[in-house]
$ cat entry.csv   # CSV, C-alpha atoms
chain,number,residue,atom,x,y,z
A,995,MET,CA,32.3,7.6,0.1
A,996,ILE,CA,29.6,5.7,2.1
A,997,GLU,CA,30.2,7.8,5.2
A,998,THR,CA,30.2,11.0,3.1
A,999,ASN,CA,26.8,10.1,1.6
A,1000,LYS,CA,25.5,9.2,5.1
A,1001,ARG,CA,26.4,12.6,6.5
A,1002,ALA,CA,24.9,14.4,3.5
A,1003,TRP,CA,21.6,12.6,3.8
A,1004,ASP,CA,21.5,12.9,7.6
A,1005,THR,CA,21.9,16.6,7.2
A,1006,TYR,CA,19.1,16.7,4.6
A,1007,TRP,CA,16.6,14.7,6.7
A,1008,ARG,CA,17.4,16.1,10.1
A,1009,ASP,CA,15.2,19.2,9.5
A,1010,PHE,CA,12.2,17.1,8.5
A,1011,ARG,CA,12.0,14.8,11.5
A,1012,GLU,CA,8.9,16.5,12.9
A,1013,GLN,CA,7.4,17.3,9.5
A,1014,PRO,CA,3.6,16.8,9.1
A,1015,ILE,CA,2.6,15.7,5.7
A,1016,GLY,CA,1.0,18.7,4.1
A,1017,GLU,CA,-1.5,19.1,1.3
A,1018,PHE,CA,1.0,19.2,-1.6
A,1019,ALA,CA,2.5,15.9,-0.3
A,1020,ARG,CA,-0.9,14.3,0.2
A,1021,LEU,CA,-2.0,15.2,-3.3
A,1022,THR,CA,1.3,13.8,-4.8
A,1023,LEU,CA,0.8,10.7,-2.6
A,1024,ASN,CA,-2.7,10.2,-4.0
A,1025,GLU,CA,-1.4,10.3,-7.6
A,1026,TYR,CA,1.3,7.8,-6.7
A,1027,ARG,CA,-1.2,5.6,-4.9
A,1028,ARG,CA,-3.4,5.5,-8.0
A,1029,VAL,CA,-0.4,4.7,-10.3
A,1030,VAL,CA,0.9,1.7,-8.3
A,1031,SER,CA,-2.6,0.4,-7.7
A,1032,ARG,CA,-3.2,0.2,-11.4
A,1033,ILE,CA,0.0,-1.6,-12.3
A,1034,LEU,CA,0.5,-3.9,-9.3
A,1035,ASP,CA,-1.8,-6.2,-7.4
A,1036,ILE,CA,-0.9,-4.5,-4.2
A,1037,ASN,CA,-3.4,-6.4,-2.2
A,1038,ALA,CA,-1.6,-9.6,-3.0
A,1039,LEU,CA,1.8,-8.4,-1.6
A,1040,LYS,CA,2.8,-9.8,1.7
A,1041,LEU,CA,6.3,-8.5,2.1
A,1042,VAL,CA,7.7,-5.3,0.4
A,1043,VAL,CA,11.2,-4.0,0.8
A,1044,GLU,CA,12.0,-0.4,0.0
A,1045,ALA,CA,15.8,-0.2,-0.6
A,1046,GLY,CA,16.7,3.4,0.0
A,1047,SER,CA,13.5,4.6,1.6
A,1048,GLY,CA,14.2,8.2,2.6
A,1049,GLY,CA,11.2,9.5,4.6
A,1050,GLY,CA,9.1,6.5,3.7
A,1051,VAL,CA,6.2,8.1,1.8
A,1052,THR,CA,6.4,5.7,-1.1
A,1053,SER,CA,5.9,2.7,1.1
A,1054,ILE,CA,2.5,3.9,2.4
A,1055,PRO,CA,0.2,2.4,-0.3
A,1056,PHE,CA,1.7,-1.0,0.2
A,1057,MET,CA,1.3,-0.8,4.0
A,1058,GLU,CA,-2.3,0.5,3.6
A,1059,ALA,CA,-2.9,-2.7,1.6
A,1060,LYS,CA,-1.8,-4.7,4.6
A,1061,ALA,CA,1.7,-5.6,3.4
A,1062,LYS,CA,4.6,-5.8,5.9
A,1063,SER,CA,7.3,-3.3,4.8
A,1064,VAL,CA,11.0,-3.4,5.4
A,1065,LEU,CA,12.5,0.1,4.9
A,1066,ILE,CA,16.3,0.3,4.5
A,1067,ASP,CA,18.2,3.6,4.3
A,1068,ILE,CA,21.7,4.7,5.0
A,1069,SER,CA,20.4,7.6,7.0
A,1070,ALA,CA,19.1,7.1,10.5
A,1071,GLU,CA,17.6,10.6,10.3
A,1072,ALA,CA,15.5,9.6,7.3
A,1073,LEU,CA,14.2,6.6,9.2
A,1074,LYS,CA,13.2,8.8,12.1
A,1075,VAL,CA,11.2,10.9,9.6
A,1076,ALA,CA,9.6,7.7,8.3
A,1077,ARG,CA,8.7,6.5,11.8
A,1078,ASN,CA,6.9,9.7,12.6
A,1079,LEU,CA,5.1,9.6,9.3
A,1080,PHE,CA,3.8,6.1,9.9
A,1081,LEU,CA,2.7,7.1,13.3
A,1082,ALA,CA,0.6,9.9,11.8
A,1083,PHE,CA,-0.9,7.4,9.3
A,1084,GLY,CA,-1.5,4.6,12.0
A,1085,LEU,CA,0.8,2.3,10.0
A,1086,GLU,CA,3.7,1.9,12.5
A,1087,ASP,CA,3.0,-1.8,13.2
A,1088,ARG,CA,3.5,-2.7,9.5
A,1089,ALA,CA,7.0,-1.1,9.2
A,1090,HIS,CA,10.4,-2.5,10.1
A,1091,LEU,CA,13.1,0.2,9.8
A,1092,VAL,CA,16.7,-0.8,9.1
A,1093,VAL,CA,19.8,1.3,8.7
A,1094,GLY,CA,21.7,-0.2,5.8
A,1095,ASP,CA,23.5,0.3,2.5
A,1096,VAL,CA,21.6,-0.3,-0.8
A,1097,LEU,CA,24.8,-1.7,-2.3
A,1098,HIS,CA,24.7,-4.5,0.3
A,1099,ILE,CA,21.1,-4.9,1.3
A,1100,PRO,CA,20.8,-6.8,4.6
A,1101,VAL,CA,17.9,-9.0,3.5
A,1102,ARG,CA,18.0,-12.7,2.6
A,1103,ASP,CA,17.5,-14.0,-1.0
A,1104,SER,CA,14.1,-14.1,-2.7
A,1105,CYS,CA,12.2,-13.2,0.5
A,1106,ALA,CA,10.2,-10.2,-0.8
A,1107,ASP,CA,7.2,-10.1,-3.1
A,1108,LEU,CA,8.3,-6.6,-4.2
A,1109,VAL,CA,11.5,-4.7,-3.8
A,1110,PHE,CA,11.5,-1.1,-5.0
A,1111,ASN,CA,13.0,2.4,-4.5
A,1112,GLN,CA,12.3,5.9,-5.7
A,1113,GLY,CA,15.0,8.6,-6.2
A,1114,VAL,CA,17.9,6.3,-5.4
A,1115,LEU,CA,19.7,5.1,-8.6
A,1116,GLU,CA,20.4,8.6,-9.9
A,1117,HIS,CA,22.7,9.2,-6.9
A,1118,PHE,CA,25.2,6.6,-8.2
A,1119,ASN,CA,27.2,6.1,-11.3
A,1120,GLY,CA,26.0,3.6,-13.9
A,1121,ASP,CA,28.1,0.7,-12.5
A,1122,LYS,CA,26.9,1.1,-8.9
A,1123,SER,CA,23.4,1.6,-10.1
A,1124,VAL,CA,23.5,-1.8,-11.8
A,1125,LYS,CA,25.0,-3.3,-8.6
A,1126,ILE,CA,22.1,-1.9,-6.6
A,1127,LEU,CA,19.6,-3.4,-9.2
A,1128,LYS,CA,21.4,-6.8,-8.9
A,1129,GLU,CA,20.9,-6.6,-5.1
A,1130,MET,CA,17.3,-5.8,-5.5
A,1131,LYS,CA,16.9,-8.7,-8.0
A,1132,ARG,CA,18.5,-11.0,-5.4
A,1133,ILE,CA,15.9,-10.3,-2.8
A,1134,GLY,CA,12.7,-9.6,-4.7
A,1135,ARG,CA,10.5,-11.5,-7.1
A,1136,THR,CA,9.4,-8.3,-8.7
A,1137,VAL,CA,11.5,-5.1,-8.9
A,1138,MET,CA,10.2,-1.6,-9.3
A,1139,VAL,CA,12.3,1.6,-9.7
A,1140,LEU,CA,11.4,5.2,-10.0
A,1141,VAL,CA,14.0,7.7,-11.3
A,1142,PRO,CA,14.0,11.3,-12.5
A,1143,TYR,CA,12.8,11.7,-16.1
A,1144,ARG,CA,15.0,13.9,-18.3
A,1145,ILE,CA,12.0,15.6,-20.0
A,1146,ASN,CA,10.9,17.6,-17.0
A,1147,VAL,CA,11.3,21.3,-17.6
A,1148,GLY,CA,11.0,22.3,-13.9
A,1149,TYR,CA,13.7,19.8,-12.9
A,1150,GLN,CA,16.1,20.9,-15.6
A,1151,LEU,CA,15.5,24.5,-14.6
A,1152,ALA,CA,16.3,23.7,-11.0
A,1153,ARG,CA,19.6,22.1,-12.1
A,1154,PHE,CA,20.4,25.1,-14.2
A,1155,LEU,CA,19.7,27.5,-11.4
A,1156,CYS,CA,21.8,25.5,-9.0
A,1157,LYS,CA,24.8,25.8,-11.3
A,1158,ALA,CA,24.2,29.4,-12.2
A,1159,LEU,CA,23.9,30.4,-8.5
A,1160,ARG,CA,27.0,28.3,-7.7
A,1161,ARG,CA,25.2,26.5,-5.0
A,1162,PRO,CA,25.6,22.8,-4.0
A,1163,TRP,CA,22.8,20.5,-5.0
A,1164,PRO,CA,20.8,20.4,-1.7
A,1165,PHE,CA,19.3,16.9,-2.2
A,1166,GLY,CA,21.9,14.6,-0.9
A,1167,GLY,CA,25.0,16.7,-1.6
A,1168,THR,CA,25.5,15.8,-5.3
A,1169,ILE,CA,24.0,16.5,-8.7
A,1170,GLU,CA,22.0,13.5,-9.6
A,1171,ARG,CA,21.7,11.8,-13.0
A,1172,ASP,CA,18.5,12.0,-15.0
A,1173,TYR,CA,17.1,9.2,-17.1
A,1174,THR,CA,15.6,8.5,-20.5
A,1175,GLU,CA,13.7,5.3,-21.2
A,1176,GLU,CA,16.8,4.0,-23.1
A,1177,ILE,CA,19.2,4.6,-20.3
A,1178,LEU,CA,17.0,3.0,-17.7
A,1179,VAL,CA,16.3,-0.1,-19.8
A,1180,ARG,CA,20.0,-0.5,-20.5
A,1181,GLU,CA,20.8,-0.5,-16.8
A,1182,LEU,CA,18.0,-2.8,-15.9
A,1183,ARG,CA,19.1,-5.3,-18.5
A,1184,LYS,CA,22.7,-5.2,-17.4
A,1185,ALA,CA,21.4,-6.2,-14.0
A,1186,GLY,CA,19.5,-9.2,-15.4
A,1187,LEU,CA,16.1,-7.6,-15.1
A,1188,ALA,CA,13.4,-7.6,-17.8
A,1189,PRO,CA,11.3,-4.4,-17.8
A,1190,VAL,CA,7.7,-5.5,-18.4
A,1191,PHE,CA,6.1,-2.1,-17.8
A,1192,MET,CA,7.3,1.4,-18.0
A,1193,LYS,CA,5.4,4.6,-17.3
A,1194,LYS,CA,6.1,8.4,-17.2
A,1195,TRP,CA,4.3,9.9,-14.2
A,1196,GLY,CA,4.3,12.8,-11.8
A,1197,HIS,CA,3.1,16.3,-12.2
A,1198,THR,CA,4.9,18.4,-9.6
A,1199,TRP,CA,7.1,20.2,-12.2
A,1200,ALA,CA,9.9,20.1,-9.5
A,1201,LEU,CA,8.3,23.2,-7.8
A,1202,LYS,CA,9.8,22.2,-4.4
A,1203,HIS,CA,13.2,21.7,-6.0
A,1204,LEU,CA,13.0,25.2,-7.4
A,1205,LEU,CA,11.8,26.8,-4.1
A,1206,VAL,CA,14.7,25.1,-2.2
A,1207,ILE,CA,17.3,26.2,-4.7
A,1208,ILE,CA,16.0,29.8,-5.1
A,1209,SER,CA,15.9,30.2,-1.3
A,1210,SER,CA,19.1,28.2,-0.6
A,1211,ASN,CA,17.2,26.7,2.3
A,1212,PRO,CA,16.2,23.0,2.2
A,1213,THR,CA,13.7,23.4,5.0
A,1214,ILE,CA,11.4,25.6,2.8
A,1215,ALA,CA,10.3,22.3,1.2
A,1216,LYS,CA,8.7,21.3,4.5
A,1217,SER,CA,5.0,21.0,4.4
A,1218,SER,CA,2.8,22.8,6.9
A,1219,LYS,CA,-0.8,22.3,8.1
A,1220,LYS,CA,-1.1,26.0,8.2
A,1221,ARG,CA,-1.1,26.5,4.4
A,1222,PRO,CA,-3.2,23.8,2.8
A,1223,ILE,CA,-4.8,26.2,0.4
A,1224,VAL,CA,-1.5,27.5,-0.8
A,1225,GLU,CA,-0.1,24.0,-1.3
A,1226,ARG,CA,-3.2,22.9,-3.2
A,1227,ILE,CA,-2.9,25.9,-5.5
A,1228,ALA,CA,0.8,25.1,-6.0
A,1229,TYR,CA,-0.1,21.5,-6.9
A,1230,MET,CA,-2.7,22.7,-9.4
A,1231,LEU,CA,-0.1,25.1,-10.9
A,1232,ALA,CA,2.4,22.3,-11.2
A,1233,ARG,CA,-0.1,20.1,-13.0
A,1234,VAL,CA,-0.8,22.9,-15.5
A,1235,LEU,CA,2.9,23.6,-16.1
A,1236,SER,CA,3.5,19.8,-16.6
A,1237,ALA,CA,0.8,19.6,-19.2
A,1238,LEU,CA,1.9,22.7,-21.0
A,1239,THR,CA,5.5,21.6,-21.2
A,1240,LEU,CA,4.8,17.8,-21.6
A,1241,SER,CA,6.9,17.3,-18.5
A,1242,PHE,CA,6.8,14.3,-16.2
A,1243,GLU,CA,8.5,14.0,-12.8
A,1244,GLN,CA,9.7,10.4,-13.1
A,1245,LEU,CA,10.1,7.2,-15.0
A,1246,LEU,CA,8.6,4.1,-13.3
A,1247,ALA,CA,9.6,0.6,-14.4
A,1248,VAL,CA,8.4,-2.7,-13.2
A,1249,CYS,CA,10.7,-5.7,-13.8
A,1250,ILE,CA,11.0,-9.4,-13.5
A,1251,LYS,CA,14.1,-11.5,-13.1
A,1252,TYR,CA,14.0,-13.4,-16.4
A,1253,PRO,CA,13.3,-12.1,-19.9
A,1254,THR,CA,10.0,-13.0,-21.5
A,1255,LYS,CA,8.5,-12.3,-24.9
A,1256,LYS,CA,6.5,-9.4,-23.3
A,1257,SER,CA,9.6,-7.6,-22.0
A,1258,LEU,CA,10.4,-4.2,-23.6
$ encode --input "entry.csv" --output "structure tokens"
Amino acid sequence: MIETNKRAWDTYWRDFREQPIGEFARLTLNEYRRVVSRILDINALKLVVEAGSGGGVTSIPFMEAKAKSVLIDISAEALKVARNLFLAFGLEDRAHLVVGDVLHIPVRDSCADLVFNQGVLEHFNGDKSVKILKEMKRIGRTVMVLVPYRINVGYQLARFLCKALRRPWPFGGTIERDYTEEILVRELRKAGLAPVFMKKWGHTWALKHLLVIISSNPTIAKSSKKRPIVERIAYMLARVLSALTLSFEQLLAVCIKYPTKKSL
């Protein structure tokens, strides 16, 4: 199973190795940067671990705040994308890239100020998701996860189209799970984590998911410096659609290891 997942993700990321970060991705990154800056004291973080990093975009705000970041992913191709991205941002000296399995994170206990991931848990069944969370709890004083939110019309439409067109889900080779607040809290608590903050965020309306599925070509999601105006318009359209349908891209939860009276 691990080898199958590795091949699927290597295939996905291979086409993105030389990818510049385009306007759509920059605007999404700006929104994410504002969110994490409000809910975390990112300037106080010294060591951050991203367990299942993909192309590394979500580590950028922490590295910009001078934290050292360890990025772990099963796909060497994903880490090549991350390396090129950090070179473009001038952050390569703050990153340590490790090929590894999130079910057995190769990091010592309690070493990180923050351990987090985005878009990882949904690719595993509930039991394995809890195991990943336990691994994250083992190495980090604070745990943050970001998962697909069920109430996202664009995302649900992308899943429907994928099934209707009888095409394989192009993002890692499997249809991923989506989450409600209740499902996420239940998995966190099973792992011994107390969610102290939860937020719905993201206004992309899964536009790039939809483009990839309609075209059956994953590389169409690649950004390009040649079309910043088009990507800015697409981002504005996504925000409007998100507002009209009350849709959010993801659920974000920040957790501590032991329950407190303030936990949800």
$ residues_around --input "entry.csv" --residues "segment 1039-1044 of chain A" --least-positions-apart "6" --cutoff "7 Å" --atoms "all atoms listed in the file" --output "list in words"
Ser1053, Ala1061, Lys1062, Ser1063, Val1064, Leu1065, Ile1066, Ala1106, Asp1107, Leu1108, Val1109, Phe1110 and Asn1111 of chain A
$ residues_around --input "entry.csv" --residues "segment 1028-1037 of chain A" --least-positions-apart "5" --cutoff "9 Å" --atoms "only C-alpha atoms" --output "list in words"
Leu1023, Pro1055, Phe1056, Ala1059, Lys1060, Ala1061, Phe1191, Trp1195 and Val1248 of chain A
$ closest_residue --input "entry.csv" --among "A:Arg1132, A:Arg1183, A:Arg1011, A:Arg1153" --to "His1203 of chain A" --atoms "only C-alpha atoms"
A:Arg1153
$ closest_residue --input "entry.csv" --among "A:Ala1237, A:Ile1227, A:Ala1185, A:Ile1068" --to "Trp1199 of chain A" --atoms "only C-alpha atoms"
A:Ala1237
$ closest_residue --input "entry.csv" --among "A:Thr1052, A:Gln1244, A:Thr1198, A:Ser1047" --to "Trp1007 of chain A" --atoms "all atoms listed in the file"
A:Ser1047
$ closest_residue --input "entry.csv" --among "A:Leu1151, A:Glu1116, A:Met1192, A:Ala1200" --to "Val1179 of chain A" --atoms "all atoms listed in the file"
A:Met1192
$ residues_around --input "entry.csv" --residues "Val1096 of chain A" --least-positions-apart "6" --cutoff "8 Å" --atoms "all atoms listed in the file" --output "ChimeraX atom specification"
/A:1045-1046,1066-1068,1126,1129
$ atom_distance --input "entry.csv" --atom1 "atom CA of Tyr1149 of chain A" --atom2 "atom CA of Gly1113 of chain A"
13.1 Å
$ residues_around --input "entry.csv" --residues "Cys1105 of chain A" --least-positions-apart "5" --cutoff "8 Å" --atoms "all atoms listed in the file" --output "list in words"
Leu1041, Ile1133, Gly1134 and Arg1135 of chain A
$ residues_around --input "entry.csv" --residues "Leu1021 of chain A" --least-positions-apart "3" --cutoff "8 Å" --atoms "all atoms listed in the file" --output "PDB file with C-alpha atoms, keeping the file's coordinate frame"
ATOM      1  CA  GLU A1017      -1.500  19.100   1.300  1.00  0.00           C
ATOM      2  CA  PHE A1018       1.000  19.200  -1.600  1.00  0.00           C
ATOM      3  CA  ASN A1024      -2.700  10.200  -4.000  1.00  0.00           C
ATOM      4  CA  GLU A1025      -1.400  10.300  -7.600  1.00  0.00           C
ATOM      5  CA  ARG A1226      -3.200  22.900  -3.200  1.00  0.00           C
ATOM      6  CA  TYR A1229      -0.100  21.500  -6.900  1.00  0.00           C
TER       7      TYR A1229
END
$ atom_distance --input "entry.csv" --atom1 "atom CA of His1117 of chain A" --atom2 "atom CA of Pro1164 of chain A"
12.5 Å
$ atom_distance --input "entry.csv" --atom1 "atom CA of Gly1084 of chain A" --atom2 "atom CA of Glu1058 of chain A"
9.4 Å
$ closest_residue --input "entry.csv" --among "A:Ala1076, A:Ile1015, A:Ala1188, A:Ala1038" --to "Gly1050 of chain A" --atoms "all atoms listed in the file"
A:Ala1076
$ closest_residue --input "entry.csv" --among "A:Phe1154, A:Tyr1143, A:Phe1118, A:Trp1163" --to "Lys1193 of chain A" --atoms "all atoms listed in the file"
A:Tyr1143
$ build_atoms --input "entry.csv" --residues "segment 1000-1016 of chain A" --atoms "N, CA and C atoms" --output "CSV table (one decimal), in the coordinates of the input"
chain,number,residue,atom,x,y,z
A,1000,LYS,N,26.3,9.3,3.9
A,1000,LYS,CA,25.5,9.2,5.1
A,1000,LYS,C,25.4,10.6,5.7
A,1001,ARG,N,26.5,11.3,5.8
A,1001,ARG,CA,26.4,12.6,6.5
A,1001,ARG,C,25.6,13.6,5.7
A,1002,ALA,N,25.7,13.5,4.3
A,1002,ALA,CA,24.9,14.4,3.5
A,1002,ALA,C,23.4,14.1,3.7
A,1003,TRP,N,23.0,12.9,3.7
A,1003,TRP,CA,21.6,12.6,3.8
A,1003,TRP,C,21.1,12.8,5.3
A,1004,ASP,N,21.9,12.5,6.3
A,1004,ASP,CA,21.5,12.9,7.6
A,1004,ASP,C,21.3,14.4,7.8
A,1005,THR,N,22.1,15.2,7.2
A,1005,THR,CA,21.9,16.6,7.2
A,1005,THR,C,20.6,17.0,6.5
A,1006,TYR,N,20.4,16.4,5.4
A,1006,TYR,CA,19.1,16.7,4.6
A,1006,TYR,C,17.9,16.4,5.4
A,1007,TRP,N,17.9,15.2,6.0
A,1007,TRP,CA,16.6,14.7,6.7
A,1007,TRP,C,16.4,15.2,8.1
A,1008,ARG,N,17.5,15.7,8.7
A,1008,ARG,CA,17.4,16.1,10.1
A,1008,ARG,C,16.3,17.2,10.3
A,1009,ASP,N,16.2,18.1,9.4
A,1009,ASP,CA,15.2,19.2,9.5
A,1009,ASP,C,13.8,18.8,9.3
A,1010,PHE,N,13.6,17.5,8.8
A,1010,PHE,CA,12.2,17.1,8.5
A,1010,PHE,C,11.6,16.1,9.5
A,1011,ARG,N,12.3,15.9,10.6
A,1011,ARG,CA,12.0,14.8,11.5
A,1011,ARG,C,10.6,15.0,12.1
A,1012,GLU,N,10.2,16.3,12.4
A,1012,GLU,CA,8.9,16.5,12.9
A,1012,GLU,C,7.9,17.0,11.9
A,1013,GLN,N,8.2,16.7,10.6
A,1013,GLN,CA,7.4,17.3,9.5
A,1013,GLN,C,6.0,16.6,9.4
A,1014,PRO,N,4.9,17.4,9.4
A,1014,PRO,CA,3.6,16.8,9.1
A,1014,PRO,C,3.6,16.7,7.6
A,1015,ILE,N,2.7,15.8,7.1
A,1015,ILE,CA,2.6,15.7,5.7
A,1015,ILE,C,1.5,16.7,5.2
A,1016,GLY,N,1.9,17.6,4.4
A,1016,GLY,CA,1.0,18.7,4.1
A,1016,GLY,C,0.2,18.4,2.8
